[in-house]
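Down below is the structure, laid out as structure tokens.
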Amino acid sequence: MMFEFKNFNYLTDGEIDLVLTKMSPEDKAKNYVPSYEYKITLHGQDEAIGGICIRIGNNQNTYYGGHIGYGIDEAYRGNAYAAKACRLIVEVAKAHQMERILITCNPDNYPSRRTCEKVGLHLLEIVDLPSDNEMYLEGEFQKCIYEWIL
């Protein structure tokens, strides 16, 4: 079945907004699944305070790299904005009939681990990355794999 992007240009909880910045189709050569990328803003503002993306589908890359990736600018950390953005973006996953989401992070990334726990994910395992993995080739060697059953 052919993948079709859905209309999720804007998501909000009244405190933060997710504004779509890019939709990327599948890239078979790189083993990338389709994805949506958003800037995170304070509600009603235009300036980004971070970003979040969601990858739709499952393969080895999403197992080790996760379905959701996020980052919050340093000045805005400590406000649970990443957790709030995850709760918003899950609507995109549900619209694509995803039944679970994986979020991964480095074992020493305690803020990201706390975000996963705040959202309600549970730690599946801490794994060594395969030596042919893109992140391994960039100098990362282990990932915590968190699971969120939808």
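Identifiers for the structure tokens are assigned positionally: chains receive A, B, ... in sequence, residues are indexed from 1 per chain, and ligands are indexed from 1 in the order shown.
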Problem - Surrounding residues of stretch 123-135 of chain A excluding itself and chain neighbours under 3 positions, 10 Å, only C-alpha atoms, as a list in words - result: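 Counting only C-alpha atoms, the residues come to Lys30, Gln60, Asn61, Tyr64, Gly65, Leu102, Ile103, Thr104, Cys105, Asn106, Pro107, Arg113, Cys116, Glu117, Gly120, Glu138, Gly139, Glu140, Phe141, Gln142, Lys143, Cys144, Ile145, Tyr146, Glu147 and Trp148 of chain A.
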Review point. If you count only C-alpha atoms, which residues fall within 9 Å of stretch 76-81 of chain A, apart from same-chain ones fewer than 2 positions away, as a list of chain:residue names?
Key: A:Glu15, A:Ile16, A:Ile40, A:Ile49, A:Gly50, A:Ile72, A:Asp73, A:Glu74, A:Ala83, A:Lys84, A:Ala85, A:Cys86, A:Pro111, A:Thr115, A:Lys118
Can you spit out the residues from that selection as a PDB file, in the first residue's frame, using N, CA and C atoms?
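Dumped to part_33.pdb:
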ATOM      1  N   GLU A  15      -0.774  25.313  25.374  1.00  0.00           N
ATOM      2  CA  GLU A  15       0.460  25.822  25.991  1.00  0.00           C
ATOM      3  C   GLU A  15       1.590  25.871  24.980  1.00  0.00           C
ATOM      4  N   ILE A  16       1.696  24.805  24.171  1.00  0.00           N
ATOM      5  CA  ILE A  16       2.679  24.770  23.090  1.00  0.00           C
ATOM      6  C   ILE A  16       1.967  24.432  21.792  1.00  0.00           C
ATOM      7  N   ILE A  40       8.558  23.446  17.589  1.00  0.00           N
ATOM      8  CA  ILE A  40       7.776  23.613  18.807  1.00  0.00           C
ATOM      9  C   ILE A  40       7.842  25.085  19.171  1.00  0.00           C
ATOM     10  N   ILE A  49      11.059  27.028  19.997  1.00  0.00           N
ATOM     11  CA  ILE A  49      11.749  26.740  21.262  1.00  0.00           C
ATOM     12  C   ILE A  49      12.347  25.332  21.219  1.00  0.00           C
ATOM     13  N   GLY A  50      12.141  24.649  20.108  1.00  0.00           N
ATOM     14  CA  GLY A  50      12.660  23.293  19.925  1.00  0.00           C
ATOM     15  C   GLY A  50      12.041  22.672  18.699  1.00  0.00           C
ATOM     16  N   ILE A  72      14.782  20.431  22.842  1.00  0.00           N
ATOM     17  CA  ILE A  72      14.283  21.705  23.355  1.00  0.00           C
ATOM     18  C   ILE A  72      15.483  22.632  23.559  1.00  0.00           C
ATOM     19  N   ASP A  73      15.360  23.860  23.082  1.00  0.00           N
ATOM     20  CA  ASP A  73      16.441  24.826  23.254  1.00  0.00           C
ATOM     21  C   ASP A  73      16.730  25.009  24.745  1.00  0.00           C
ATOM     22  N   GLU A  74      18.000  25.184  25.064  1.00  0.00           N
ATOM     23  CA  GLU A  74      18.450  25.209  26.464  1.00  0.00           C
ATOM     24  C   GLU A  74      17.660  26.175  27.343  1.00  0.00           C
ATOM     25  N   ALA A  83       7.911  16.398  26.680  1.00  0.00           N
ATOM     26  CA  ALA A  83       6.855  15.437  27.021  1.00  0.00           C
ATOM     27  C   ALA A  83       5.514  15.902  26.452  1.00  0.00           C
ATOM     28  N   LYS A  84       5.224  17.184  26.558  1.00  0.00           N
ATOM     29  CA  LYS A  84       3.960  17.718  26.030  1.00  0.00           C
ATOM     30  C   LYS A  84       3.922  17.564  24.511  1.00  0.00           C
ATOM     31  N   ALA A  85       5.050  17.802  23.844  1.00  0.00           N
ATOM     32  CA  ALA A  85       5.105  17.653  22.389  1.00  0.00           C
ATOM     33  C   ALA A  85       4.895  16.190  21.991  1.00  0.00           C
ATOM     34  N   CYS A  86       5.463  15.264  22.762  1.00  0.00           N
ATOM     35  CA  CYS A  86       5.262  13.832  22.474  1.00  0.00           C
ATOM     36  C   CYS A  86       3.780  13.473  22.565  1.00  0.00           C
ATOM     37  N   PRO A 111      17.975  13.671  31.027  1.00  0.00           N
ATOM     38  CA  PRO A 111      16.760  14.455  30.755  1.00  0.00           C
ATOM     39  C   PRO A 111      15.829  13.760  29.751  1.00  0.00           C
ATOM     40  N   THR A 115      12.026  12.351  30.289  1.00  0.00           N
ATOM     41  CA  THR A 115      10.920  12.692  29.397  1.00  0.00           C
ATOM     42  C   THR A 115      10.154  11.430  29.021  1.00  0.00           C
ATOM     43  N   LYS A 118       8.083  10.411  31.950  1.00  0.00           N
ATOM     44  CA  LYS A 118       6.951  11.327  32.164  1.00  0.00           C
ATOM     45  C   LYS A 118       5.796  11.011  31.225  1.00  0.00           C
TER      46      LYS A 118
END
Between atom CA of A:Ala93 and atom CA of A:Asp46, what is the distance, to one decimal in Å?
->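 Separating atom CA of A:Ala93 from atom CA of A:Asp46 is a distance of 24.7 Å.
Computed from the coordinates, the atom CA of A:Ser35 to atom CA of A:Tyr110 distance equals 25.5 Å.
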Find the spatial neighbours of A:Arg100, counting only C-alpha atoms, within a cut-off of 12 Å - ignore same-chain residues fewer than 5 positions away - and output them as a ChimeraX atom specification.
/A:55-58,62-63,66-68,90-91,93-94,121-122,146-150
DSSP-assigned strand (DSSP E or B) among stretch 86-146 of chain A, expressed as a list in words =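 Matching residues, listed in order: Arg100, Ile101, Leu102, Ile103, Thr104, Cys105, His122, Leu123, Leu124, Glu125, Ile126, Val127, Asp128, Gln142, Lys143, Cys144, Ile145 and Tyr146 of chain A.
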